[in-house]
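Structure data follow from start.cif (mmCIF, C-alpha atoms):
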```
data_input
loop_
_atom_site.label_atom_id
_atom_site.label_comp_id
_atom_site.auth_asym_id
_atom_site.auth_seq_id
_atom_site.Cartn_x
_atom_site.Cartn_y
_atom_site.Cartn_z
CA MET A 1 -26.12 79.87 -32.43
CA GLU A 2 -29.55 80.45 -30.92
CA ILE A 3 -28.46 81.72 -27.53
CA VAL A 4 -31.09 81.75 -24.79
CA ARG A 5 -30.84 84.90 -22.67
CA GLU A 6 -31.84 85.09 -19.02
CA LEU A 7 -30.80 88.59 -17.99
CA VAL A 8 -30.53 90.23 -14.60
CA PRO A 9 -33.09 93.07 -14.24
CA PRO A 10 -31.43 96.51 -14.44
CA ASP A 11 -32.32 97.38 -10.84
CA ARG A 12 -30.56 94.23 -9.56
CA ARG A 13 -27.30 94.62 -11.47
CA LYS A 14 -24.05 95.17 -9.60
CA PRO A 15 -22.71 98.74 -9.31
CA LEU A 16 -19.70 99.69 -11.40
CA PHE A 17 -16.41 100.60 -9.74
CA ALA A 18 -15.38 104.25 -9.47
CA ASP A 19 -11.78 103.66 -10.57
CA PRO A 20 -11.12 100.45 -12.52
CA LEU A 21 -7.36 101.09 -12.36
CA GLN A 22 -7.54 100.27 -8.64
CA LEU A 23 -9.24 96.91 -9.16
CA PRO A 24 -7.30 93.83 -8.03
CA PHE A 25 -6.86 91.21 -10.72
CA GLY A 26 -9.58 88.58 -10.98
CA ARG A 27 -11.52 89.39 -7.81
CA ASN A 28 -14.67 90.95 -9.26
CA PHE A 29 -17.08 89.57 -11.84
CA THR A 30 -19.84 90.93 -14.04
CA ASP A 31 -23.56 90.18 -13.85
CA HIS A 32 -23.73 87.44 -16.49
CA MET A 33 -21.91 84.38 -17.79
CA PHE A 34 -22.17 82.17 -20.87
CA THR A 35 -22.64 78.38 -20.69
CA MET A 36 -22.88 75.57 -23.22
CA GLU A 37 -22.99 71.82 -22.61
CA PHE A 38 -21.62 68.78 -24.43
CA THR A 39 -22.99 65.23 -24.55
CA PRO A 40 -21.80 62.47 -26.89
CA ALA A 41 -25.27 62.17 -28.42
CA ALA A 42 -25.97 65.87 -29.04
CA GLY A 43 -22.51 67.48 -29.19
CA TRP A 44 -22.28 71.09 -28.06
CA GLN A 45 -25.77 72.36 -27.22
CA ARG A 46 -27.91 74.68 -25.08
CA PRO A 47 -25.92 77.93 -25.41
CA ARG A 48 -27.13 80.35 -22.77
CA ILE A 49 -26.34 83.74 -21.25
CA LYS A 50 -27.51 83.77 -17.67
CA PRO A 51 -26.78 85.42 -14.31
CA TYR A 52 -23.29 84.84 -12.95
CA GLY A 53 -23.50 82.28 -10.18
CA PRO A 54 -22.42 78.92 -8.76
CA LEU A 55 -22.20 75.78 -10.88
CA ALA A 56 -24.17 72.69 -9.86
CA LEU A 57 -21.87 69.66 -10.23
CA GLU A 58 -21.89 66.16 -8.80
CA PRO A 59 -19.17 65.47 -6.19
CA SER A 60 -18.01 62.67 -8.52
CA ALA A 61 -17.62 65.03 -11.52
CA ASN A 62 -14.56 64.23 -13.60
CA VAL A 63 -12.96 67.66 -13.14
CA PHE A 64 -12.64 67.18 -9.37
CA HIS A 65 -10.81 63.85 -9.60
CA TYR A 66 -8.96 63.69 -12.93
CA SER A 67 -8.56 67.39 -13.72
CA GLN A 68 -9.95 67.47 -17.24
CA GLU A 69 -10.00 71.24 -17.47
CA VAL A 70 -8.65 73.90 -19.80
CA PHE A 71 -9.08 77.64 -19.96
CA GLU A 72 -8.07 80.75 -21.85
CA GLY A 73 -7.17 84.28 -20.84
CA GLN A 74 -7.91 87.29 -23.01
CA LYS A 75 -9.18 90.85 -22.66
CA ALA A 76 -11.71 93.32 -24.03
CA TYR A 77 -10.79 97.00 -24.33
CA LYS A 78 -12.76 100.21 -24.89
CA SER A 79 -11.52 102.47 -27.69
CA ALA A 80 -11.81 106.25 -27.69
CA LYS A 81 -14.71 105.79 -30.12
CA GLY A 82 -16.54 103.66 -27.57
CA GLU A 83 -15.97 100.40 -29.48
CA ILE A 84 -15.38 97.10 -27.69
CA LEU A 85 -12.13 95.63 -28.98
CA MET A 86 -10.52 92.21 -28.56
CA PHE A 87 -6.91 91.44 -29.42
CA ARG A 88 -6.35 88.41 -31.69
CA PRO A 89 -9.24 86.37 -30.24
CA GLN A 90 -8.97 83.88 -33.10
CA GLU A 91 -5.56 82.89 -31.69
CA ASN A 92 -7.12 82.30 -28.29
CA ALA A 93 -9.81 80.11 -29.86
CA ARG A 94 -7.17 78.06 -31.67
CA ARG A 95 -5.10 77.67 -28.51
CA LEU A 96 -8.18 76.63 -26.54
CA ASN A 97 -8.81 73.88 -29.06
CA ARG A 98 -5.17 72.77 -28.96
CA SER A 99 -5.45 72.50 -25.19
CA LEU A 100 -8.74 70.60 -25.49
CA SER A 101 -7.20 68.14 -27.91
CA ARG A 102 -4.21 67.53 -25.60
CA MET A 103 -6.55 66.87 -22.66
CA CYS A 104 -8.79 64.44 -24.63
CA MET A 105 -11.71 66.89 -24.59
CA PRO A 106 -14.05 67.77 -27.49
CA GLU A 107 -13.07 70.81 -29.52
CA ILE A 108 -15.43 73.74 -30.01
CA PRO A 109 -15.84 75.42 -33.42
CA GLU A 110 -13.80 78.63 -33.44
CA GLU A 111 -16.73 80.63 -34.75
CA ALA A 112 -18.87 79.41 -31.83
CA ILE A 113 -16.25 80.53 -29.31
CA LEU A 114 -16.04 83.99 -30.89
CA GLU A 115 -19.81 84.33 -31.14
CA ALA A 116 -20.25 83.38 -27.49
CA GLU A 117 -17.63 85.94 -26.41
CA CYS A 118 -19.11 88.69 -28.56
CA GLU A 119 -22.69 88.14 -27.42
CA LEU A 120 -21.67 88.08 -23.76
CA LEU A 121 -19.57 91.22 -24.20
CA LYS A 122 -22.49 93.05 -25.81
CA VAL A 123 -24.68 92.16 -22.83
CA GLU A 124 -21.94 93.33 -20.44
CA GLU A 125 -20.75 96.37 -22.41
CA ARG A 126 -21.06 98.68 -19.41
CA TRP A 127 -18.35 96.66 -17.64
CA VAL A 128 -15.65 97.34 -20.26
CA PRO A 129 -13.52 100.07 -18.60
CA ASP A 130 -12.87 103.26 -20.56
CA LYS A 131 -9.52 103.95 -18.85
CA LYS A 132 -6.28 102.84 -20.49
CA GLY A 133 -4.56 100.29 -18.27
CA ALA A 134 -7.86 98.74 -17.22
CA SER A 135 -9.75 96.13 -19.22
CA LEU A 136 -12.38 93.42 -19.02
CA TYR A 137 -10.68 90.07 -18.57
CA ILE A 138 -12.32 87.15 -20.42
CA ARG A 139 -12.00 83.64 -19.01
CA PRO A 140 -13.37 80.87 -21.27
CA THR A 141 -13.21 77.50 -19.47
CA VAL A 142 -14.10 73.89 -20.28
CA ILE A 143 -14.48 71.21 -17.60
CA GLY A 144 -15.32 67.51 -17.56
CA THR A 145 -18.65 66.98 -15.78
CA GLU A 146 -19.42 63.25 -16.08
CA ALA A 147 -20.40 61.90 -12.65
CA ALA A 148 -18.22 58.79 -12.60
CA LEU A 149 -14.98 57.62 -11.02
CA GLY A 150 -12.41 55.85 -13.15
CA ILE A 151 -9.42 57.10 -15.10
CA LYS A 152 -10.86 57.87 -18.52
CA PRO A 153 -12.00 60.95 -20.44
CA SER A 154 -15.29 62.43 -19.33
CA SER A 155 -18.28 61.87 -21.59
CA ASP A 156 -19.93 65.20 -20.67
CA TYR A 157 -18.50 68.72 -20.57
CA LEU A 158 -19.39 72.27 -19.68
CA PHE A 159 -18.03 75.30 -21.56
CA TYR A 160 -18.48 78.58 -19.74
CA ILE A 161 -17.21 82.15 -20.02
CA ILE A 162 -16.94 84.61 -17.15
CA LEU A 163 -15.81 88.24 -17.25
CA SER A 164 -13.81 90.22 -14.71
CA PRO A 165 -13.04 93.98 -14.79
CA VAL A 166 -9.37 94.37 -13.92
CA GLY A 167 -6.64 96.90 -13.34
CA PRO A 168 -2.90 96.14 -13.73
CA TYR A 169 -1.91 92.51 -13.08
CA PHE A 170 1.17 93.24 -10.98
CA LYS A 171 0.96 95.58 -8.00
CA GLU A 172 4.09 97.23 -9.37
CA GLY A 173 2.16 98.30 -12.49
CA PHE A 174 4.47 99.00 -15.43
CA ASN A 175 7.56 98.94 -13.25
CA PRO A 176 10.22 96.26 -12.92
CA VAL A 177 9.24 93.06 -11.14
CA SER A 178 11.57 90.53 -9.53
CA LEU A 179 11.92 86.84 -10.46
CA TRP A 180 13.18 83.89 -8.45
CA VAL A 181 14.79 81.00 -10.32
CA SER A 182 13.68 77.60 -9.08
CA ASP A 183 16.25 74.85 -9.62
CA GLN A 184 14.38 72.36 -7.43
CA TYR A 185 10.82 72.42 -8.75
CA SER A 186 9.69 71.99 -12.35
CA ARG A 187 6.68 73.39 -14.16
CA ALA A 188 6.53 70.91 -17.08
CA GLY A 189 8.44 67.98 -18.50
CA SER A 190 9.01 66.75 -22.03
CA GLY A 191 5.93 64.99 -23.35
CA GLY A 192 3.72 66.47 -20.65
CA THR A 193 1.02 69.13 -20.72
CA GLY A 194 3.24 72.20 -20.51
CA GLU A 195 1.99 73.81 -23.70
CA ALA A 196 -1.68 73.19 -22.80
CA LYS A 197 -3.43 75.87 -20.77
CA THR A 198 -4.73 73.49 -18.14
CA GLY A 199 -5.24 74.10 -14.44
CA GLY A 200 -2.97 71.27 -13.31
CA ASN A 201 0.08 73.10 -14.65
CA TYR A 202 -0.72 76.05 -12.42
CA ALA A 203 -1.58 73.95 -9.37
CA GLY A 204 1.81 72.27 -9.64
CA SER A 205 3.52 75.66 -9.67
CA LEU A 206 1.98 76.99 -6.46
CA LEU A 207 4.56 75.63 -4.01
CA ALA A 208 7.48 77.25 -5.83
CA THR A 209 5.49 80.46 -6.26
CA ARG A 210 4.81 80.55 -2.53
CA GLU A 211 8.53 80.17 -1.88
CA ALA A 212 9.31 82.98 -4.33
CA THR A 213 6.80 85.24 -2.60
CA ARG A 214 8.19 84.33 0.83
CA GLN A 215 11.61 85.47 -0.34
CA GLY A 216 10.23 88.76 -1.67
CA TYR A 217 10.01 88.00 -5.40
CA SER A 218 7.01 88.50 -7.70
CA GLN A 219 7.12 85.32 -9.78
CA VAL A 220 9.07 82.13 -10.51
CA LEU A 221 11.38 81.83 -13.50
CA TRP A 222 11.15 78.18 -14.48
CA LEU A 223 13.98 76.03 -15.83
CA ASP A 224 13.73 72.81 -17.83
CA ALA A 225 12.75 69.68 -15.90
CA GLY A 226 15.58 67.52 -17.27
CA GLU A 227 18.72 69.42 -16.29
CA HIS A 228 17.39 72.50 -14.46
CA ARG A 229 19.70 74.43 -16.72
CA TYR A 230 17.70 76.09 -19.49
CA VAL A 231 15.24 78.98 -19.12
CA GLU A 232 11.63 78.23 -20.05
CA GLU A 233 8.98 80.72 -18.88
CA VAL A 234 7.63 82.67 -15.92
CA GLY A 235 4.54 81.68 -13.94
CA ALA A 236 2.27 84.24 -15.62
CA MET A 237 4.09 85.08 -18.84
CA ASN A 238 6.69 84.18 -21.44
CA ILE A 239 10.15 85.70 -21.04
CA PHE A 240 12.35 87.82 -23.34
CA PHE A 241 15.97 88.98 -23.13
CA VAL A 242 17.78 91.71 -25.06
CA ILE A 243 21.22 90.18 -25.68
CA ASP A 244 23.85 92.12 -27.64
CA GLY A 245 21.11 94.17 -29.23
CA ALA A 246 18.96 91.20 -30.30
CA LEU A 247 15.64 90.10 -28.80
CA VAL A 248 15.84 86.47 -27.67
CA THR A 249 13.24 84.17 -26.14
CA PRO A 250 13.29 80.43 -25.34
CA ALA A 251 12.19 78.28 -28.27
CA LEU A 252 8.90 76.42 -27.99
CA GLY A 253 9.26 72.68 -27.62
CA GLY A 254 6.18 71.27 -25.92
CA THR A 255 6.85 72.54 -22.40
CA ILE A 256 6.30 76.27 -22.95
CA LEU A 257 2.91 77.90 -23.44
CA HIS A 258 2.26 79.29 -26.93
CA GLY A 259 1.75 82.83 -25.71
CA ILE A 260 -0.26 85.11 -27.98
CA THR A 261 1.50 88.21 -26.63
CA ARG A 262 4.79 86.34 -27.16
CA LYS A 263 3.83 85.66 -30.78
CA SER A 264 2.86 89.29 -31.25
CA VAL A 265 6.17 90.57 -29.84
CA LEU A 266 8.12 88.33 -32.21
CA GLU A 267 6.06 89.51 -35.18
CA LEU A 268 6.39 93.18 -34.22
CA ALA A 269 10.14 93.05 -33.55
CA PRO A 270 11.39 93.59 -37.15
CA GLU A 271 8.95 96.48 -37.62
CA LEU A 272 10.20 98.14 -34.43
CA GLY A 273 13.82 97.68 -35.45
CA ILE A 274 15.18 94.75 -33.46
CA ARG A 275 16.18 91.28 -34.63
CA ALA A 276 14.31 88.45 -32.88
CA GLU A 277 15.53 84.93 -32.16
CA GLU A 278 14.04 81.82 -30.58
CA ARG A 279 16.63 79.47 -29.08
CA ARG A 280 17.74 77.56 -26.04
CA LEU A 281 19.04 79.79 -23.25
CA ALA A 282 21.17 78.54 -20.35
CA VAL A 283 20.39 80.31 -17.09
CA ASP A 284 24.11 80.64 -16.20
CA ASP A 285 24.77 82.44 -19.49
CA ILE A 286 21.82 84.76 -18.94
CA LEU A 287 22.89 85.70 -15.41
CA ALA A 288 26.51 86.22 -16.46
CA GLY A 289 25.24 88.40 -19.28
CA ILE A 290 23.18 90.50 -16.87
CA ASP A 291 26.22 91.02 -14.66
CA SER A 292 28.44 92.01 -17.61
CA GLY A 293 25.84 94.17 -19.32
CA LYS A 294 25.60 91.88 -22.33
CA VAL A 295 21.98 91.25 -21.34
CA SER A 296 20.65 94.80 -21.27
CA GLU A 297 16.94 94.11 -20.70
CA VAL A 298 14.61 91.37 -19.51
CA PHE A 299 10.83 91.51 -19.79
CA GLY A 300 7.86 89.21 -19.67
CA ALA A 301 5.00 89.07 -22.17
CA GLY A 302 1.51 87.77 -21.46
CA THR A 303 -2.16 88.62 -21.69
CA ALA A 304 -2.54 89.64 -18.04
CA ALA A 305 0.39 92.08 -17.83
CA VAL A 306 0.98 92.67 -21.59
CA ILE A 307 4.65 93.58 -21.09
CA SER A 308 6.29 93.44 -17.66
CA PRO A 309 9.88 94.67 -17.25
CA VAL A 310 12.11 92.59 -14.99
CA GLY A 311 14.52 94.40 -12.71
CA LYS A 312 16.01 91.59 -10.66
CA ILE A 313 16.54 87.83 -10.93
CA GLY A 314 17.42 85.85 -7.81
CA TYR A 315 19.31 82.56 -8.16
CA ARG A 316 20.98 80.44 -5.49
CA GLY A 317 21.01 83.23 -2.93
CA ARG A 318 22.30 85.98 -5.21
CA ASP A 319 20.41 88.79 -6.93
CA HIS A 320 21.33 89.80 -10.47
CA VAL A 321 20.08 93.34 -11.17
CA VAL A 322 18.97 94.12 -14.72
CA ASN A 323 19.56 97.60 -16.18
CA GLY A 324 19.88 99.19 -12.75
CA ASN A 325 16.38 97.92 -11.88
CA GLN A 326 14.96 100.38 -14.41
CA THR A 327 12.47 99.80 -17.22
CA GLY A 328 14.37 99.46 -20.48
CA PRO A 329 13.59 101.14 -23.81
CA TRP A 330 12.54 97.95 -25.61
CA ALA A 331 10.10 96.92 -22.90
CA ARG A 332 8.59 100.40 -23.08
CA LYS A 333 8.45 100.35 -26.89
CA PHE A 334 6.70 96.97 -27.04
CA TYR A 335 4.31 97.95 -24.24
CA ASP A 336 3.37 101.24 -25.87
CA THR A 337 2.93 99.61 -29.28
CA LEU A 338 0.87 96.66 -28.10
CA THR A 339 -1.39 98.64 -25.79
CA GLY A 340 -1.76 101.30 -28.46
CA ILE A 341 -3.04 98.67 -30.88
CA GLN A 342 -5.23 97.01 -28.25
CA TYR A 343 -6.98 100.26 -27.31
CA GLY A 344 -7.35 101.39 -30.93
CA GLU A 345 -4.86 104.28 -30.62
CA ILE A 346 -2.40 102.89 -33.16
CA ALA A 347 -3.43 101.82 -36.65
CA ASP A 348 -3.87 98.05 -36.85
CA ARG A 349 -2.07 97.05 -40.05
CA ARG A 350 -2.06 93.33 -39.25
CA GLY A 351 -5.72 92.62 -38.63
CA TRP A 352 -5.12 91.86 -34.96
CA VAL A 353 -7.95 93.98 -33.55
CA PHE A 354 -11.41 92.41 -33.51
CA ILE A 355 -14.30 94.83 -33.14
CA VAL A 356 -17.29 93.43 -31.28
CA ARG A 357 -20.42 94.22 -33.29
#
```
Could you spell out this file's structure in structure tokens?
Amino acid sequence: MEIVRELVPPDRRKPLFADPLQLPFGRNFTDHMFTMEFTPAAGWQRPRIKPYGPLALEPSANVFHYSQEVFEGQKAYKSAKGEILMFRPQENARRLNRSLSRMCMPEIPEEAILEAECELLKVEERWVPDKKGASLYIRPTVIGTEAALGIKPSSDYLFYIILSPVGPYFKEGFNPVSLWVSDQYSRAGSGGTGEAKTGGNYAGSLLATREATRQGYSQVLWLDAGEHRYVEEVGAMNIFFVIDGALVTPALGGTILHGITRKSVLELAPELGIRAEERRLAVDDILAGIDSGKVSEVFGAGTAAVISPVGKIGYRGRDHVVNGNQTGPWARKFYDTLTGIQYGEIADRRGWVFIVR
């Protein structure tokens, strides 16, 4: 692509933060953003890197009324050699296009997505933290921008990428978090948009999340919409259980996000010495297993937190404590392995690490 660059003068750029590990998640943004527009006549056009700032949209823009919007979440890391690394960005590009297709939005060539990310990261290299545990969060987003009311796909779209330096996602850091099981609210139903990374899924989860927070829990553990019986995922991550020495996670079926960290955990499991399974998991069986010790560990997996151990699950007024509310060995092993690969400390034998050049 021929990307037009409109760069902020060095003397007007934002100051860096003294300790990126103390940064709250998603509150601070870099100096620049990437944009590209779509029209039916010209397709994707006008790629540009420009100063980070507000978007100018009509009040009647499609995204405000019919929620044609998808996004991705990924990270850039700084290796000890000073390289900018991304973790499996091709998978993010593929998932973005799957989400676009589900939401009746035009797909973007994978190579264009990667090129846009790389060029923006090179402009913003100084923002990639050099401390392990901190990273530069990448948020590619596509929105419908046609100024027209009426329930139909937008004709025009905006693709943009913003960057945010971040510390740990959970305030607990790499320590056990608590989950609250919602048997009243549902995140996604069969045939819906559950496996698309679209904003409406998250908006619909906010009421239950607020209730979980009010009761002192970190996140919601969602059950299926049909029977409120089977475990699906957590608000910000996929979920794993160590059951009788095997690693088990709910099977994908259209309502669960295709997590890239989830996929990586499943692919790493045999190498690390644990058998992995994907199957349906009844919440009553899981909680009984926690109480008996049959379920020895629970942890989440997602881009924001990487691996997040779970120490407590609350359901119908009762807390079920996992592994004495301590981080388990498998959560630690997957965390150390994944972050080691992401920061270039462990040899990448699978071609997962993408070096920005």
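Closest approach to Gly317 of chain A from the set A:Trp180, A:Tyr343, A:Phe71, A:Tyr77 is made by A:Trp180, with distances taken over all atoms listed in the file.
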For Tyr315 of chain A, list every protein, DNA or RNA residue within 8 Å, evaluated using only C-alpha atoms, and leave out those in the same chain fewer than 2 positions away; present the list as a PDB file with C-alpha atoms, in the frame of the given file.
```
ATOM      1  CA  TRP A 180      13.180  83.890  -8.450  1.00  0.00           C
ATOM      2  CA  VAL A 181      14.790  81.000 -10.320  1.00  0.00           C
ATOM      3  CA  SER A 182      13.680  77.600  -9.080  1.00  0.00           C
ATOM      4  CA  ILE A 313      16.540  87.830 -10.930  1.00  0.00           C
ATOM      5  CA  GLY A 317      21.010  83.230  -2.930  1.00  0.00           C
ATOM      6  CA  ARG A 318      22.300  85.980  -5.210  1.00  0.00           C
ATOM      7  CA  ASP A 319      20.410  88.790  -6.930  1.00  0.00           C
ATOM      8  CA  HIS A 320      21.330  89.800 -10.470  1.00  0.00           C
TER       9      HIS A 320
END
```
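You will find atom CA of Arg139 of chain A at 5.4 Å from atom CA of Ile162 of chain A.
Atom to atom, atom CA of Asp224 of chain A and atom CA of Ala246 of chain A stand 22.8 Å apart.
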Find the residue from A:Thr327, A:Asn62, A:Ser154, A:Gln45 that sits nearest to Lys312 of chain A; use only C-alpha atoms when measuring.
A:Thr327
Show me, as a ChimeraX atom specification, the residues that have an atom within 10 Å of segment 261-276 of chain A when counting all atoms listed in the file, minus same-chain residues fewer than 3 positions from it.
/A:87-88,91,237-242,245-249,257-258,300-307,330,333-335,337-338,350,352
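Distance check against Ser292 of chain A using only C-alpha atoms: of A:Ala93, A:Val63, A:Leu85, A:Val322, the minimum falls on A:Val322.
Note that the spacing between atom CA of Ala148 of chain A and atom CA of Ser67 of chain A amounts to 13.0 Å.
With distances restricted to all atoms listed in the file, A:Phe174 is the closest residue to Ala331 of chain A from A:Tyr66, A:Phe174, A:Tyr217, A:Phe354.
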Could you expand the PyMOL selection byres ((chain A and resi 30-38) around 8) into the explicit residues it covers here, written as a ChimeraX atom specification?
/A:7-8,13-14,28-29,39-40,42-52,116,120,123-124,127,156-165
Convert the output of the PyMOL selection byres ((chain A and resi 78) around 7) on the shown file into explicit residues, formatted as a PDB file with C-alpha atoms, in the frame of the given file.
```pdb
ATOM      1  CA  TYR A  77     -10.790  97.000 -24.330  1.00  0.00           C
ATOM      2  CA  SER A  79     -11.520 102.470 -27.690  1.00  0.00           C
ATOM      3  CA  ALA A  80     -11.810 106.250 -27.690  1.00  0.00           C
ATOM      4  CA  GLY A  82     -16.540 103.660 -27.570  1.00  0.00           C
ATOM      5  CA  GLU A  83     -15.970 100.400 -29.480  1.00  0.00           C
ATOM      6  CA  ILE A  84     -15.380  97.100 -27.690  1.00  0.00           C
ATOM      7  CA  LEU A  85     -12.130  95.630 -28.980  1.00  0.00           C
ATOM      8  CA  VAL A 128     -15.650  97.340 -20.260  1.00  0.00           C
ATOM      9  CA  PRO A 129     -13.520 100.070 -18.600  1.00  0.00           C
ATOM     10  CA  ASP A 130     -12.870 103.260 -20.560  1.00  0.00           C
ATOM     11  CA  TYR A 343      -6.980 100.260 -27.310  1.00  0.00           C
TER      12      TYR A 343
END
```
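Considering only C-alpha atoms, the residue among A:Ile243, A:Val4, A:Leu121, A:Val310 positioned nearest to Gly293 of chain A is A:Ile243.
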For segment 202-211 of chain A, please output as an MDAnalysis selection string all residues within 8 Å (counting all atoms listed in the file; exclusion window: fewer than 5 positions along the same chain).
chainID A and resid 182 185:187 219:220 235
Which residue, A:Val298, A:Glu110, A:Arg5, A:Gln184, has the smallest gap to Arg316 of chain A when you use all atoms listed in the file?
A:Gln184
Tell me which residues the PyMOL selection byres ((chain A and resi 1) around 8) grabs here, as a PDB file with C-alpha atoms, keeping the file's coordinate frame.
```
ATOM      1  CA  GLU A   2     -29.550  80.450 -30.920  1.00  0.00           C
ATOM      2  CA  ILE A   3     -28.460  81.720 -27.530  1.00  0.00           C
ATOM      3  CA  PRO A  47     -25.920  77.930 -25.410  1.00  0.00           C
ATOM      4  CA  ALA A 112     -18.870  79.410 -31.830  1.00  0.00           C
ATOM      5  CA  GLU A 115     -19.810  84.330 -31.140  1.00  0.00           C
TER       6      GLU A 115
END
```
Ref. answer, residues at most 8 Å from (-10.0, 80.4, -27.3) with all atoms listed in the file, as a PyMOL selection string:
chain A and resi 71-72+89-97+110+113-114+140
What are the centre and the three edge lengths of an axis-aligned box that wraps all atoms of segment 122-130 of chain A in the file, given that 3 Å is added to every side, written as JSON and rounded to one decimal in Å?
```
{"center_x": -18.8, "center_y": 97.7, "center_z": -21.7, "size_x": 17.8, "size_y": 17.1, "size_z": 14.2}
```
If you keep N, CA and C atoms, can you output segment 215-230 of chain A as a short mmCIF file (atom, residue, chain, number, x, y, z; two decimals), in the first residue's frame?
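Ended up saving to decode-v1.cif:
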```
data_model
loop_
_atom_site.label_atom_id
_atom_site.label_comp_id
_atom_site.auth_asym_id
_atom_site.auth_seq_id
_atom_site.Cartn_x
_atom_site.Cartn_y
_atom_site.Cartn_z
N GLN A 215 -20.79 -7.85 43.49
CA GLN A 215 -20.68 -8.93 44.46
C GLN A 215 -19.22 -9.29 44.79
N GLY A 216 -18.27 -8.54 44.20
CA GLY A 216 -16.87 -8.73 44.56
C GLY A 216 -16.09 -9.67 43.68
N TYR A 217 -16.64 -10.02 42.51
CA TYR A 217 -15.95 -10.92 41.57
C TYR A 217 -15.31 -10.12 40.43
N SER A 218 -14.34 -10.74 39.77
CA SER A 218 -13.60 -10.05 38.70
C SER A 218 -14.33 -10.10 37.37
N GLN A 219 -14.94 -11.23 37.04
CA GLN A 219 -15.53 -11.43 35.72
C GLN A 219 -16.72 -12.38 35.83
N VAL A 220 -17.47 -12.46 34.72
CA VAL A 220 -18.61 -13.39 34.62
C VAL A 220 -18.16 -14.66 33.90
N LEU A 221 -18.57 -15.79 34.43
CA LEU A 221 -18.43 -17.06 33.72
C LEU A 221 -19.78 -17.37 33.09
N TRP A 222 -19.81 -17.35 31.76
CA TRP A 222 -21.08 -17.48 31.05
C TRP A 222 -21.46 -18.94 30.82
N LEU A 223 -22.77 -19.21 30.89
CA LEU A 223 -23.33 -20.51 30.55
C LEU A 223 -24.08 -20.42 29.23
N ASP A 224 -24.45 -21.56 28.69
CA ASP A 224 -25.18 -21.56 27.42
C ASP A 224 -26.53 -20.89 27.58
N ALA A 225 -27.05 -20.31 26.49
CA ALA A 225 -28.30 -19.56 26.54
C ALA A 225 -29.52 -20.47 26.59
N GLY A 226 -29.39 -21.72 26.10
CA GLY A 226 -30.54 -22.61 26.02
C GLY A 226 -30.98 -23.16 27.36
N GLU A 227 -30.03 -23.77 28.09
CA GLU A 227 -30.36 -24.43 29.35
C GLU A 227 -29.72 -23.79 30.56
N HIS A 228 -28.81 -22.84 30.36
CA HIS A 228 -28.02 -22.26 31.45
C HIS A 228 -27.39 -23.39 32.28
N ARG A 229 -26.79 -24.31 31.55
CA ARG A 229 -26.24 -25.50 32.20
C ARG A 229 -24.77 -25.73 31.85
N TYR A 230 -24.38 -25.36 30.65
CA TYR A 230 -23.05 -25.71 30.16
C TYR A 230 -22.13 -24.48 30.11
#
```
